[in-house]
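In what follows, a structure is listed as structure tokens, so that the remarks can point back to it.
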Amino acid sequence: ESLRGLAAMTVALHHYQIGGHLPFTFIKNSWLMVDFFFVLSGFVISLNYRHKIYSAKSFYQFQYKRWLRLFPLHLVMLFCFLAIESARFIAHKKLNLDSINPPFATNHFSSFISNLLLLQNWTNPVMTWNMPSWSISAEFYTYALFGFLVLTLKKSKTALNVLSVMLVLGAGITLNRVGMGSDNISGPLRCIYSFFIGVITHSFFDSFQLRGKLFNSYPAVFVLALSIIAIICLGDQYKGWVTWVPILFSITIATIVSTQPSTFVIEKLSNSKLVYLGTISYGLYMIHAAVWWVINQT
């Protein structure tokens with residue numbers, strides 16, 4: 001939870017620095033934290049649902065829970081941005097206030113419908129309305145893919161692992177060439193790639209029963225530092241070596257969950273304020289674009 005909260009905060013700060021306020025390299029390159037979300041989701045979803053999807057009903061319940069988790073706030077923010085776009089339109093018509101991006105140019109009726117269906121990242125080549133929601137769109141249908149594979153393969157761990165590796169290899173090779181963007185090709189591929197890296201990581205973690213096997217903080221601190229260095233050094237790229245960073249994220253997650261709760265690093269990550277930040281991370285992630293928009297108008 002703590003890492004999820006910190007990741008959401010850095011993504012929010014990353015989007016704020018577009019205006020030149022926060023030129024720190026780590027913040028500048030923190031778009032990669034979205035891939036951390038994807039890896040963590042793959043790990044947690046596999047941990048909680050790999051053995052629970054065994055029928056059409058359980059698959060429906062799984063996907064409904066994902067929809068209930070993602071959609072209500074997405075809908076609220078979608079209508080918030082509809083209000084913003086309408087205000088921009090009125091200002092343009094009544095007050096002759098022009099903007100670089102005219103009202104309802106990209107945020108039009110068609111993209112509104114695709115957002116309602118959580119299809120925006122699969123159908124639209126550019127981000128629309130509440131821009132951070134592109135990753136929610138990619139993730140929702142990646143959940144469905146995972147659930148379908150678990151249901152179809154009848155809990156076969158080997159078959160799921162093989163297909164997960166194939167998905168990771170295919171998506172990774174493609175991303176290495178087209179880049180890790182957020183358009184309707186790169187965005188879904190990034191999610192599938194990182195999510196199934198998380199699935200594979202959980203399978204490895206579970207098979208070797210790694211929980212609690214590390215009795216000091218050094219491995220966790222080392223991989224956390226390595227992840228930060230990778231973001232700083234590789235985050236200004238969109239092709240090539242940067243596609244390996246989600247694998248480093250997966251190693252970091254596996255190392256942390258393998259570390260004893262009594263160690264220094266786990267005690268720090270268990271800080272109640274950091275944990276609370278994690279519990280509200282989805283809200284932070286979904287709301288921050290509207291907050292930055294309001295701030296930038298003042």
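By order in the structure tokens, chains are A, B, ...; within a chain, residues start at 1; ligands start at 1, following the order shown.
Counting only C-alpha atoms, stretch 212-227 of chain A has the following residues at most 6 Å away, ignoring those fewer than 6 positions along the same chain: A:Thr252, A:Thr255, A:Ile256, A:Ser258, A:Thr259, A:Gln260, A:Thr263, A:Val265.
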With N, CA and C atoms retained, export the selected residues as a compact mmCIF listing (two decimals), in the first residue's frame.
# COMPACT_ATOMS: atom_id res chain seq x y z
N THR A 252 11.67 -6.01 -7.33
CA THR A 252 11.53 -5.18 -6.13
C THR A 252 10.33 -5.62 -5.30
N THR A 255 10.95 -9.01 -3.69
CA THR A 255 11.92 -8.91 -2.60
C THR A 255 11.27 -8.33 -1.35
N ILE A 256 10.45 -7.30 -1.53
CA ILE A 256 9.82 -6.66 -0.37
C ILE A 256 8.84 -7.62 0.31
N SER A 258 9.00 -10.70 0.37
CA SER A 258 9.77 -11.83 0.92
C SER A 258 10.52 -11.45 2.18
N THR A 259 10.46 -10.16 2.54
CA THR A 259 11.23 -9.67 3.69
C THR A 259 10.42 -9.75 4.97
N GLN A 260 11.08 -10.14 6.05
CA GLN A 260 10.44 -10.28 7.35
C GLN A 260 9.80 -8.96 7.81
N THR A 263 11.82 -6.28 9.95
CA THR A 263 13.01 -5.59 9.44
C THR A 263 12.75 -4.09 9.31
N VAL A 265 13.19 -1.91 6.81
CA VAL A 265 12.53 -1.38 5.62
C VAL A 265 11.02 -1.64 5.66
Identify, on the basis of only C-alpha atoms, every residue whose closest approach to A:Phe109 does not exceed 12 Å; exclude the query and any residue fewer than 6 positions from it along the same chain; express the result as a list of chain:residue names. A:Leu82, A:Glu85, A:Pro103, A:Asn115, A:Leu116, A:Thr128, A:Trp129
Residues as selected, N, CA, C and O atoms, written as a compact mmCIF listing (two decimals), in the first residue's frame, can you do that?
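Just written: again.txt:
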# COMPACT_ATOMS: atom_id res chain seq x y z
N LEU A 82 -16.35 16.98 -18.29
CA LEU A 82 -17.41 17.46 -19.17
C LEU A 82 -17.82 18.88 -18.77
O LEU A 82 -18.04 19.75 -19.63
N GLU A 85 -15.00 21.20 -19.90
CA GLU A 85 -15.04 21.41 -21.35
C GLU A 85 -16.20 22.32 -21.73
O GLU A 85 -16.07 23.16 -22.62
N PRO A 103 -12.22 23.81 -27.39
CA PRO A 103 -13.15 22.95 -26.64
C PRO A 103 -13.82 21.92 -27.53
O PRO A 103 -14.19 22.22 -28.67
N ASN A 115 -15.02 6.53 -23.30
CA ASN A 115 -14.68 6.63 -21.88
C ASN A 115 -15.74 5.99 -21.00
O ASN A 115 -15.42 5.35 -20.00
N LEU A 116 -17.00 6.16 -21.37
CA LEU A 116 -18.08 5.54 -20.61
C LEU A 116 -17.94 4.02 -20.61
O LEU A 116 -18.28 3.36 -19.63
N THR A 128 -7.87 11.42 -23.81
CA THR A 128 -9.01 12.32 -23.83
C THR A 128 -9.60 12.46 -22.43
O THR A 128 -9.36 11.63 -21.55
N TRP A 129 -10.40 13.53 -22.25
CA TRP A 129 -11.09 13.81 -21.01
C TRP A 129 -10.14 13.72 -19.82
O TRP A 129 -9.16 14.46 -19.80
Close residues, A:Gly278 itself excluded, 9 Å, only C-alpha atoms, min 2 positions apart in chain, as a PyMOL selection string: chain A and resi 1-8+273-276+280-282
Applying 8 Å and only C-alpha atoms, which residues near A:Ala171 remain after dropping the ones on its own chain fewer than 2 positions away? List them as a PDB file with C-alpha atoms, in the first residue's frame.
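Once written, out36.pdb looks like this:
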ATOM      1  CA  LEU A 167       2.294 -12.468 -23.701  1.00  0.00           C
ATOM      2  CA  VAL A 168       5.220 -10.770 -21.954  1.00  0.00           C
ATOM      3  CA  LEU A 169       7.665 -11.677 -24.732  1.00  0.00           C
ATOM      4  CA  ILE A 173       9.448  -7.110 -28.174  1.00  0.00           C
ATOM      5  CA  THR A 174       6.796  -4.865 -29.709  1.00  0.00           C
ATOM      6  CA  LEU A 175       7.245  -2.141 -27.072  1.00  0.00           C
ATOM      7  CA  LEU A 189       0.633  -3.413 -24.656  1.00  0.00           C
ATOM      8  CA  ARG A 190       2.328  -1.716 -21.699  1.00  0.00           C
ATOM      9  CA  ILE A 192      -0.443  -6.494 -20.714  1.00  0.00           C
ATOM     10  CA  TYR A 193       3.361  -6.603 -20.563  1.00  0.00           C
TER      11      TYR A 193
END
Stretch 180-186 of chain A environment, 12 Å, only C-alpha atoms, sequence neighbours closer than 2 positions dropped, as a short mmCIF file (atom, residue, chain, number, x, y, z; two decimals) with all heavy atoms, in the first residue's frame:
data_model
loop_
_atom_site.label_atom_id
_atom_site.label_comp_id
_atom_site.auth_asym_id
_atom_site.auth_seq_id
_atom_site.Cartn_x
_atom_site.Cartn_y
_atom_site.Cartn_z
N TRP A 31 6.66 8.89 -15.09
CA TRP A 31 5.61 8.25 -15.91
C TRP A 31 5.75 6.73 -15.81
O TRP A 31 4.77 5.99 -15.97
CB TRP A 31 5.72 8.71 -17.36
CG TRP A 31 7.01 8.39 -18.04
CD1 TRP A 31 8.14 9.17 -18.08
CD2 TRP A 31 7.34 7.20 -18.78
NE1 TRP A 31 9.15 8.54 -18.78
CE2 TRP A 31 8.68 7.34 -19.22
CE3 TRP A 31 6.63 6.05 -19.11
CZ2 TRP A 31 9.32 6.34 -19.99
CZ3 TRP A 31 7.26 5.07 -19.85
CH2 TRP A 31 8.59 5.23 -20.29
N LEU A 32 6.96 6.26 -15.51
CA LEU A 32 7.20 4.82 -15.38
C LEU A 32 6.48 4.21 -14.18
O LEU A 32 6.32 2.99 -14.11
CB LEU A 32 8.70 4.56 -15.26
CG LEU A 32 9.48 4.39 -16.57
CD1 LEU A 32 10.96 4.49 -16.32
CD2 LEU A 32 9.11 3.08 -17.25
N VAL A 34 3.45 4.31 -13.63
CA VAL A 34 2.23 3.67 -14.12
C VAL A 34 2.51 2.19 -14.39
O VAL A 34 1.68 1.32 -14.10
CB VAL A 34 1.71 4.37 -15.38
CG1 VAL A 34 0.50 3.63 -15.96
CG2 VAL A 34 1.32 5.81 -15.06
N ASP A 35 3.69 1.90 -14.90
CA ASP A 35 4.07 0.50 -15.15
C ASP A 35 4.28 -0.24 -13.84
O ASP A 35 4.03 -1.46 -13.76
CB ASP A 35 5.33 0.45 -16.02
CG ASP A 35 5.09 1.13 -17.36
OD1 ASP A 35 4.58 0.47 -18.27
OD2 ASP A 35 5.39 2.33 -17.48
N LEU A 119 -13.22 2.04 -22.83
CA LEU A 119 -12.53 1.58 -24.04
C LEU A 119 -11.55 2.62 -24.59
O LEU A 119 -10.93 2.37 -25.63
CB LEU A 119 -13.55 1.23 -25.13
CG LEU A 119 -14.30 -0.09 -24.97
CD1 LEU A 119 -15.47 -0.16 -25.95
CD2 LEU A 119 -13.37 -1.27 -25.18
N GLN A 120 -11.40 3.75 -23.90
CA GLN A 120 -10.68 4.87 -24.51
C GLN A 120 -9.26 4.55 -24.92
O GLN A 120 -8.78 5.01 -25.95
CB GLN A 120 -10.71 6.09 -23.58
CG GLN A 120 -10.00 5.93 -22.23
CD GLN A 120 -10.91 5.46 -21.14
OE1 GLN A 120 -11.85 4.72 -21.38
NE2 GLN A 120 -10.65 5.87 -19.90
N ASN A 121 -8.56 3.75 -24.11
CA ASN A 121 -7.17 3.47 -24.46
C ASN A 121 -7.04 2.41 -25.54
O ASN A 121 -5.97 2.24 -26.13
CB ASN A 121 -6.37 3.04 -23.22
CG ASN A 121 -4.88 3.00 -23.46
OD1 ASN A 121 -4.23 2.00 -23.23
ND2 ASN A 121 -4.33 4.10 -23.95
N TRP A 122 -8.12 1.71 -25.83
CA TRP A 122 -8.10 0.67 -26.87
C TRP A 122 -8.57 1.22 -28.21
O TRP A 122 -8.33 0.58 -29.24
CB TRP A 122 -8.98 -0.49 -26.45
CG TRP A 122 -8.55 -1.12 -25.16
CD1 TRP A 122 -8.83 -0.69 -23.89
CD2 TRP A 122 -7.71 -2.27 -25.00
NE1 TRP A 122 -8.24 -1.51 -22.96
CE2 TRP A 122 -7.56 -2.49 -23.60
CE3 TRP A 122 -7.10 -3.16 -25.89
CZ2 TRP A 122 -6.81 -3.55 -23.09
CZ3 TRP A 122 -6.35 -4.21 -25.36
CH2 TRP A 122 -6.21 -4.39 -23.99
N THR A 123 -9.24 2.37 -28.19
CA THR A 123 -9.83 2.89 -29.43
C THR A 123 -9.31 4.26 -29.83
O THR A 123 -9.31 4.59 -31.02
CB THR A 123 -11.36 2.98 -29.30
OG1 THR A 123 -11.70 3.84 -28.19
CG2 THR A 123 -11.97 1.61 -29.06
N ASN A 124 -8.86 5.08 -28.87
CA ASN A 124 -8.46 6.45 -29.18
C ASN A 124 -6.94 6.58 -29.25
O ASN A 124 -6.25 6.17 -28.31
CB ASN A 124 -8.99 7.42 -28.12
CG ASN A 124 -10.50 7.41 -28.01
OD1 ASN A 124 -11.19 7.00 -28.94
ND2 ASN A 124 -11.03 7.83 -26.88
N PRO A 125 -6.40 7.15 -30.31
CA PRO A 125 -4.95 7.28 -30.44
C PRO A 125 -4.34 8.33 -29.51
O PRO A 125 -3.13 8.35 -29.30
CB PRO A 125 -4.76 7.67 -31.91
CG PRO A 125 -6.04 8.31 -32.29
CD PRO A 125 -7.12 7.62 -31.50
N VAL A 126 -5.17 9.22 -28.94
CA VAL A 126 -4.68 10.23 -28.01
C VAL A 126 -5.48 10.15 -26.72
O VAL A 126 -6.59 9.62 -26.69
CB VAL A 126 -4.78 11.66 -28.60
CG1 VAL A 126 -3.90 11.80 -29.82
CG2 VAL A 126 -6.24 12.00 -28.95
N MET A 127 -4.91 10.69 -25.64
CA MET A 127 -5.62 10.71 -24.37
C MET A 127 -6.73 11.75 -24.40
O MET A 127 -6.54 12.84 -24.95
CB MET A 127 -4.64 11.00 -23.22
CG MET A 127 -3.68 9.87 -22.93
SD MET A 127 -2.63 10.19 -21.48
CE MET A 127 -1.52 11.43 -22.13
N THR A 128 -7.87 11.42 -23.81
CA THR A 128 -9.01 12.32 -23.83
C THR A 128 -9.60 12.46 -22.43
O THR A 128 -9.36 11.63 -21.55
CB THR A 128 -10.11 11.79 -24.78
OG1 THR A 128 -10.48 10.46 -24.38
CG2 THR A 128 -9.61 11.75 -26.22
N MET A 131 -7.24 12.53 -18.55
CA MET A 131 -6.16 11.82 -19.25
C MET A 131 -5.56 10.63 -18.50
O MET A 131 -5.28 9.60 -19.11
CB MET A 131 -5.07 12.81 -19.67
CG MET A 131 -5.52 13.77 -20.76
SD MET A 131 -4.15 14.78 -21.40
CE MET A 131 -3.78 15.80 -19.98
N PRO A 132 -5.35 10.71 -17.16
CA PRO A 132 -4.77 9.55 -16.47
C PRO A 132 -5.62 8.28 -16.58
O PRO A 132 -5.11 7.18 -16.35
CB PRO A 132 -4.69 10.02 -15.02
CG PRO A 132 -4.60 11.50 -15.10
CD PRO A 132 -5.46 11.88 -16.26
N SER A 133 -6.90 8.43 -16.94
CA SER A 133 -7.77 7.25 -16.99
C SER A 133 -7.43 6.30 -18.14
O SER A 133 -8.01 5.21 -18.21
CB SER A 133 -9.24 7.68 -17.09
OG SER A 133 -9.53 8.24 -18.35
N TRP A 134 -6.48 6.68 -19.00
CA TRP A 134 -6.08 5.75 -20.07
C TRP A 134 -5.60 4.42 -19.47
O TRP A 134 -5.88 3.35 -20.02
CB TRP A 134 -4.98 6.37 -20.95
CG TRP A 134 -3.61 6.42 -20.32
CD1 TRP A 134 -3.06 7.46 -19.65
CD2 TRP A 134 -2.63 5.37 -20.30
NE1 TRP A 134 -1.79 7.14 -19.21
CE2 TRP A 134 -1.50 5.87 -19.60
CE3 TRP A 134 -2.58 4.08 -20.82
CZ2 TRP A 134 -0.35 5.11 -19.39
CZ3 TRP A 134 -1.43 3.32 -20.60
CH2 TRP A 134 -0.34 3.85 -19.91
N SER A 135 -4.89 4.53 -18.35
CA SER A 135 -4.33 3.31 -17.74
C SER A 135 -5.43 2.46 -17.11
O SER A 135 -5.32 1.23 -17.06
CB SER A 135 -3.27 3.66 -16.71
OG SER A 135 -3.83 4.39 -15.63
N ILE A 136 -6.50 3.10 -16.63
CA ILE A 136 -7.63 2.38 -16.06
C ILE A 136 -8.34 1.58 -17.15
O ILE A 136 -8.73 0.42 -16.95
CB ILE A 136 -8.61 3.36 -15.38
CG1 ILE A 136 -7.90 4.22 -14.35
CG2 ILE A 136 -9.78 2.59 -14.76
CD1 ILE A 136 -7.13 3.45 -13.31
N SER A 137 -8.47 2.21 -18.31
CA SER A 137 -9.06 1.53 -19.47
C SER A 137 -8.24 0.31 -19.85
O SER A 137 -8.78 -0.79 -20.05
CB SER A 137 -9.15 2.51 -20.65
OG SER A 137 -9.44 1.84 -21.85
N ALA A 138 -6.93 0.49 -19.96
CA ALA A 138 -6.05 -0.63 -20.33
C ALA A 138 -6.12 -1.75 -19.31
O ALA A 138 -6.17 -2.94 -19.64
CB ALA A 138 -4.62 -0.12 -20.48
N ALA A 171 4.57 -8.73 -26.15
CA ALA A 171 4.36 -7.32 -25.86
C ALA A 171 5.69 -6.59 -25.67
O ALA A 171 5.86 -5.47 -26.14
CB ALA A 171 3.49 -7.17 -24.61
N GLY A 172 6.64 -7.24 -24.98
CA GLY A 172 7.93 -6.61 -24.73
C GLY A 172 8.71 -6.33 -25.99
O GLY A 172 9.29 -5.25 -26.16
N ILE A 173 8.74 -7.29 -26.90
CA ILE A 173 9.45 -7.11 -28.17
C ILE A 173 8.82 -5.97 -28.98
O ILE A 173 9.52 -5.13 -29.57
CB ILE A 173 9.45 -8.42 -28.99
CG1 ILE A 173 10.33 -9.47 -28.30
CG2 ILE A 173 9.92 -8.19 -30.42
CD1 ILE A 173 10.19 -10.86 -28.86
N THR A 174 7.50 -5.92 -28.98
CA THR A 174 6.80 -4.86 -29.71
C THR A 174 7.07 -3.49 -29.09
O THR A 174 7.35 -2.52 -29.79
CB THR A 174 5.28 -5.13 -29.73
OG1 THR A 174 5.04 -6.44 -30.25
CG2 THR A 174 4.57 -4.11 -30.60
N LEU A 175 6.99 -3.41 -27.75
CA LEU A 175 7.24 -2.14 -27.07
C LEU A 175 8.67 -1.67 -27.29
O LEU A 175 8.93 -0.47 -27.37
CB LEU A 175 6.97 -2.29 -25.57
CG LEU A 175 5.50 -2.39 -25.16
CD1 LEU A 175 5.39 -2.78 -23.69
CD2 LEU A 175 4.77 -1.09 -25.41
N ASN A 176 9.60 -2.61 -27.37
CA ASN A 176 10.99 -2.25 -27.61
C ASN A 176 11.16 -1.53 -28.93
O ASN A 176 12.06 -0.71 -29.10
CB ASN A 176 11.85 -3.52 -27.59
CG ASN A 176 13.33 -3.21 -27.54
OD1 ASN A 176 13.98 -3.12 -28.59
ND2 ASN A 176 13.86 -3.05 -26.35
N ARG A 177 10.23 -1.78 -29.86
CA ARG A 177 10.31 -1.15 -31.19
C ARG A 177 9.43 0.08 -31.31
O ARG A 177 9.85 1.09 -31.87
CB ARG A 177 9.92 -2.17 -32.26
CG ARG A 177 10.88 -3.35 -32.34
CD ARG A 177 10.50 -4.31 -33.46
NE ARG A 177 11.45 -5.41 -33.56
CZ ARG A 177 11.37 -6.38 -34.46
NH1 ARG A 177 10.37 -6.39 -35.34
NH2 ARG A 177 12.28 -7.34 -34.49
N VAL A 178 8.19 0.01 -30.79
CA VAL A 178 7.25 1.13 -30.98
C VAL A 178 7.34 2.15 -29.86
O VAL A 178 6.88 3.29 -30.01
CB VAL A 178 5.80 0.62 -31.12
CG1 VAL A 178 5.68 -0.38 -32.25
CG2 VAL A 178 5.28 0.03 -29.82
N PRO A 188 -2.23 -0.31 -24.25
CA PRO A 188 -2.65 -1.66 -23.88
C PRO A 188 -1.49 -2.65 -23.78
O PRO A 188 -1.48 -3.51 -22.91
CB PRO A 188 -3.62 -2.04 -25.00
CG PRO A 188 -4.16 -0.74 -25.49
CD PRO A 188 -3.00 0.21 -25.38
N LEU A 189 -0.52 -2.51 -24.70
CA LEU A 189 0.63 -3.41 -24.66
C LEU A 189 1.45 -3.23 -23.38
O LEU A 189 1.93 -4.21 -22.79
CB LEU A 189 1.52 -3.19 -25.88
CG LEU A 189 1.04 -3.79 -27.20
CD1 LEU A 189 1.97 -3.37 -28.33
CD2 LEU A 189 0.98 -5.32 -27.11
N ARG A 190 1.62 -1.98 -22.95
CA ARG A 190 2.33 -1.72 -21.70
C ARG A 190 1.64 -2.39 -20.53
O ARG A 190 2.28 -2.98 -19.66
CB ARG A 190 2.40 -0.21 -21.43
CG ARG A 190 3.53 0.51 -22.10
CD ARG A 190 3.43 2.00 -21.87
NE ARG A 190 3.67 2.39 -20.49
CZ ARG A 190 3.53 3.63 -20.04
NH1 ARG A 190 3.13 4.59 -20.88
NH2 ARG A 190 3.78 3.92 -18.79
N CYS A 191 0.31 -2.31 -20.52
CA CYS A 191 -0.44 -2.91 -19.41
C CYS A 191 -0.33 -4.43 -19.43
O CYS A 191 -0.04 -5.05 -18.40
CB CYS A 191 -1.90 -2.48 -19.49
SG CYS A 191 -2.89 -3.03 -18.08
N ILE A 192 -0.54 -5.04 -20.59
CA ILE A 192 -0.44 -6.49 -20.71
C ILE A 192 0.96 -6.96 -20.33
O ILE A 192 1.13 -7.94 -19.58
CB ILE A 192 -0.81 -6.94 -22.15
CG1 ILE A 192 -2.31 -6.72 -22.39
CG2 ILE A 192 -0.43 -8.40 -22.39
CD1 ILE A 192 -2.72 -6.89 -23.84
N TYR A 193 1.97 -6.26 -20.83
CA TYR A 193 3.36 -6.60 -20.56
C TYR A 193 3.66 -6.59 -19.06
O TYR A 193 4.10 -7.59 -18.47
CB TYR A 193 4.26 -5.61 -21.29
CG TYR A 193 5.73 -5.74 -21.04
CD1 TYR A 193 6.43 -6.88 -21.42
CD2 TYR A 193 6.45 -4.68 -20.45
CE1 TYR A 193 7.81 -6.98 -21.21
CE2 TYR A 193 7.82 -4.78 -20.24
CZ TYR A 193 8.49 -5.93 -20.61
OH TYR A 193 9.85 -6.03 -20.40
N SER A 194 3.38 -5.45 -18.42
CA SER A 194 3.73 -5.31 -17.01
C SER A 194 2.82 -6.13 -16.10
O SER A 194 3.28 -6.71 -15.11
CB SER A 194 3.66 -3.82 -16.61
OG SER A 194 4.66 -3.08 -17.29
N LEU A 234 16.91 5.85 -17.12
CA LEU A 234 16.29 5.31 -18.33
C LEU A 234 14.94 5.95 -18.66
O LEU A 234 14.41 5.73 -19.74
CB LEU A 234 16.10 3.79 -18.19
CG LEU A 234 17.37 2.97 -17.98
CD1 LEU A 234 17.02 1.51 -17.72
CD2 LEU A 234 18.29 3.08 -19.20
N GLY A 235 14.40 6.72 -17.71
CA GLY A 235 13.05 7.23 -17.89
C GLY A 235 12.87 8.28 -18.94
O GLY A 235 11.74 8.63 -19.28
N ASP A 236 13.96 8.83 -19.48
CA ASP A 236 13.82 9.79 -20.57
C ASP A 236 13.80 9.09 -21.93
O ASP A 236 13.76 9.74 -22.97
CB ASP A 236 14.95 10.82 -20.53
CG ASP A 236 16.34 10.19 -20.64
OD1 ASP A 236 16.45 8.95 -20.47
OD2 ASP A 236 17.31 10.93 -20.88
N GLN A 237 13.85 7.76 -21.91
CA GLN A 237 13.74 6.97 -23.14
C GLN A 237 12.34 6.38 -23.23
O GLN A 237 11.65 6.27 -22.23
CB GLN A 237 14.75 5.83 -23.15
CG GLN A 237 16.19 6.26 -22.90
CD GLN A 237 17.12 5.06 -22.75
OE1 GLN A 237 16.83 3.97 -23.20
NE2 GLN A 237 18.24 5.27 -22.09
N TYR A 238 11.93 6.02 -24.44
CA TYR A 238 10.64 5.35 -24.60
C TYR A 238 10.79 4.03 -25.34
O TYR A 238 9.82 3.34 -25.58
CB TYR A 238 9.66 6.27 -25.32
CG TYR A 238 9.23 7.44 -24.46
CD1 TYR A 238 9.95 8.62 -24.44
CD2 TYR A 238 8.13 7.32 -23.62
CE1 TYR A 238 9.57 9.67 -23.62
CE2 TYR A 238 7.74 8.37 -22.80
CZ TYR A 238 8.46 9.54 -22.81
OH TYR A 238 8.09 10.57 -22.00
N LYS A 239 12.03 3.69 -25.69
CA LYS A 239 12.31 2.43 -26.35
C LYS A 239 13.56 1.83 -25.72
O LYS A 239 14.21 2.44 -24.88
CB LYS A 239 12.54 2.64 -27.85
CG LYS A 239 11.36 3.21 -28.62
CD LYS A 239 11.70 3.36 -30.09
CE LYS A 239 10.54 3.96 -30.87
NZ LYS A 239 10.86 4.10 -32.31
N GLY A 240 13.90 0.65 -26.18
CA GLY A 240 15.16 0.04 -25.75
C GLY A 240 15.16 -0.41 -24.32
O GLY A 240 14.23 -1.07 -23.85
N TRP A 241 16.21 -0.02 -23.57
CA TRP A 241 16.44 -0.55 -22.23
C TRP A 241 15.33 -0.22 -21.25
O TRP A 241 15.15 -0.93 -20.25
CB TRP A 241 17.78 -0.03 -21.70
CG TRP A 241 18.96 -0.68 -22.31
CD1 TRP A 241 19.78 -0.18 -23.29
CD2 TRP A 241 19.46 -2.00 -22.02
NE1 TRP A 241 20.76 -1.08 -23.61
CE2 TRP A 241 20.59 -2.21 -22.85
CE3 TRP A 241 19.06 -3.00 -21.15
CZ2 TRP A 241 21.31 -3.39 -22.82
CZ3 TRP A 241 19.79 -4.19 -21.11
CH2 TRP A 241 20.91 -4.36 -21.95
N VAL A 242 14.58 0.84 -21.50
CA VAL A 242 13.52 1.22 -20.55
C VAL A 242 12.46 0.12 -20.42
O VAL A 242 11.79 0.01 -19.39
CB VAL A 242 12.88 2.56 -20.97
CG1 VAL A 242 11.99 2.41 -22.20
CG2 VAL A 242 12.09 3.17 -19.81
N THR A 243 12.33 -0.72 -21.45
CA THR A 243 11.33 -1.79 -21.38
C THR A 243 11.69 -2.86 -20.36
O THR A 243 10.85 -3.69 -20.01
CB THR A 243 11.14 -2.45 -22.76
OG1 THR A 243 12.41 -2.92 -23.24
CG2 THR A 243 10.56 -1.47 -23.77
N TRP A 244 12.92 -2.82 -19.86
CA TRP A 244 13.33 -3.78 -18.83
C TRP A 244 12.96 -3.31 -17.42
O TRP A 244 13.01 -4.10 -16.47
CB TRP A 244 14.85 -4.02 -18.90
CG TRP A 244 15.27 -4.79 -20.10
CD1 TRP A 244 15.55 -4.29 -21.34
CD2 TRP A 244 15.46 -6.20 -20.19
NE1 TRP A 244 15.91 -5.30 -22.20
CE2 TRP A 244 15.86 -6.49 -21.52
CE3 TRP A 244 15.33 -7.26 -19.29
CZ2 TRP A 244 16.12 -7.78 -21.96
CZ3 TRP A 244 15.59 -8.55 -19.73
CH2 TRP A 244 15.98 -8.79 -21.05
N VAL A 245 12.61 -2.04 -17.27
CA VAL A 245 12.33 -1.49 -15.94
C VAL A 245 11.18 -2.21 -15.24
O VAL A 245 11.27 -2.48 -14.03
CB VAL A 245 12.10 0.03 -16.03
CG1 VAL A 245 11.70 0.59 -14.66
CG2 VAL A 245 13.36 0.74 -16.53
N PRO A 246 10.06 -2.55 -15.92
CA PRO A 246 9.01 -3.30 -15.22
C PRO A 246 9.49 -4.63 -14.63
O PRO A 246 8.97 -5.07 -13.59
CB PRO A 246 7.96 -3.53 -16.32
CG PRO A 246 8.12 -2.35 -17.23
CD PRO A 246 9.61 -2.12 -17.26
#
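Proximity to A:Ser114 was assessed for A:Cys233, A:Val44, A:Ile197, A:Leu75 counting only C-alpha atoms; the smallest distance is recorded for A:Leu75.
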Which of these, A:Ile90, A:Ile53, A:Ile200, A:Leu248, has the shortest distance to A:Ser41 once you count only C-alpha atoms?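 Of A:Ile90, A:Ile53, A:Ile200, A:Leu248, the one nearest A:Ser41 is A:Ile200, counting only C-alpha atoms.
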According to DSSP computed on the backbone, where in stretch 64-231 of chain A is there helix (DSSP H, G or I)? Give the residues as a PyMOL selection string. chain A and resi 64-95+109-116+120-123+131-152+157-178+186-207+218-231
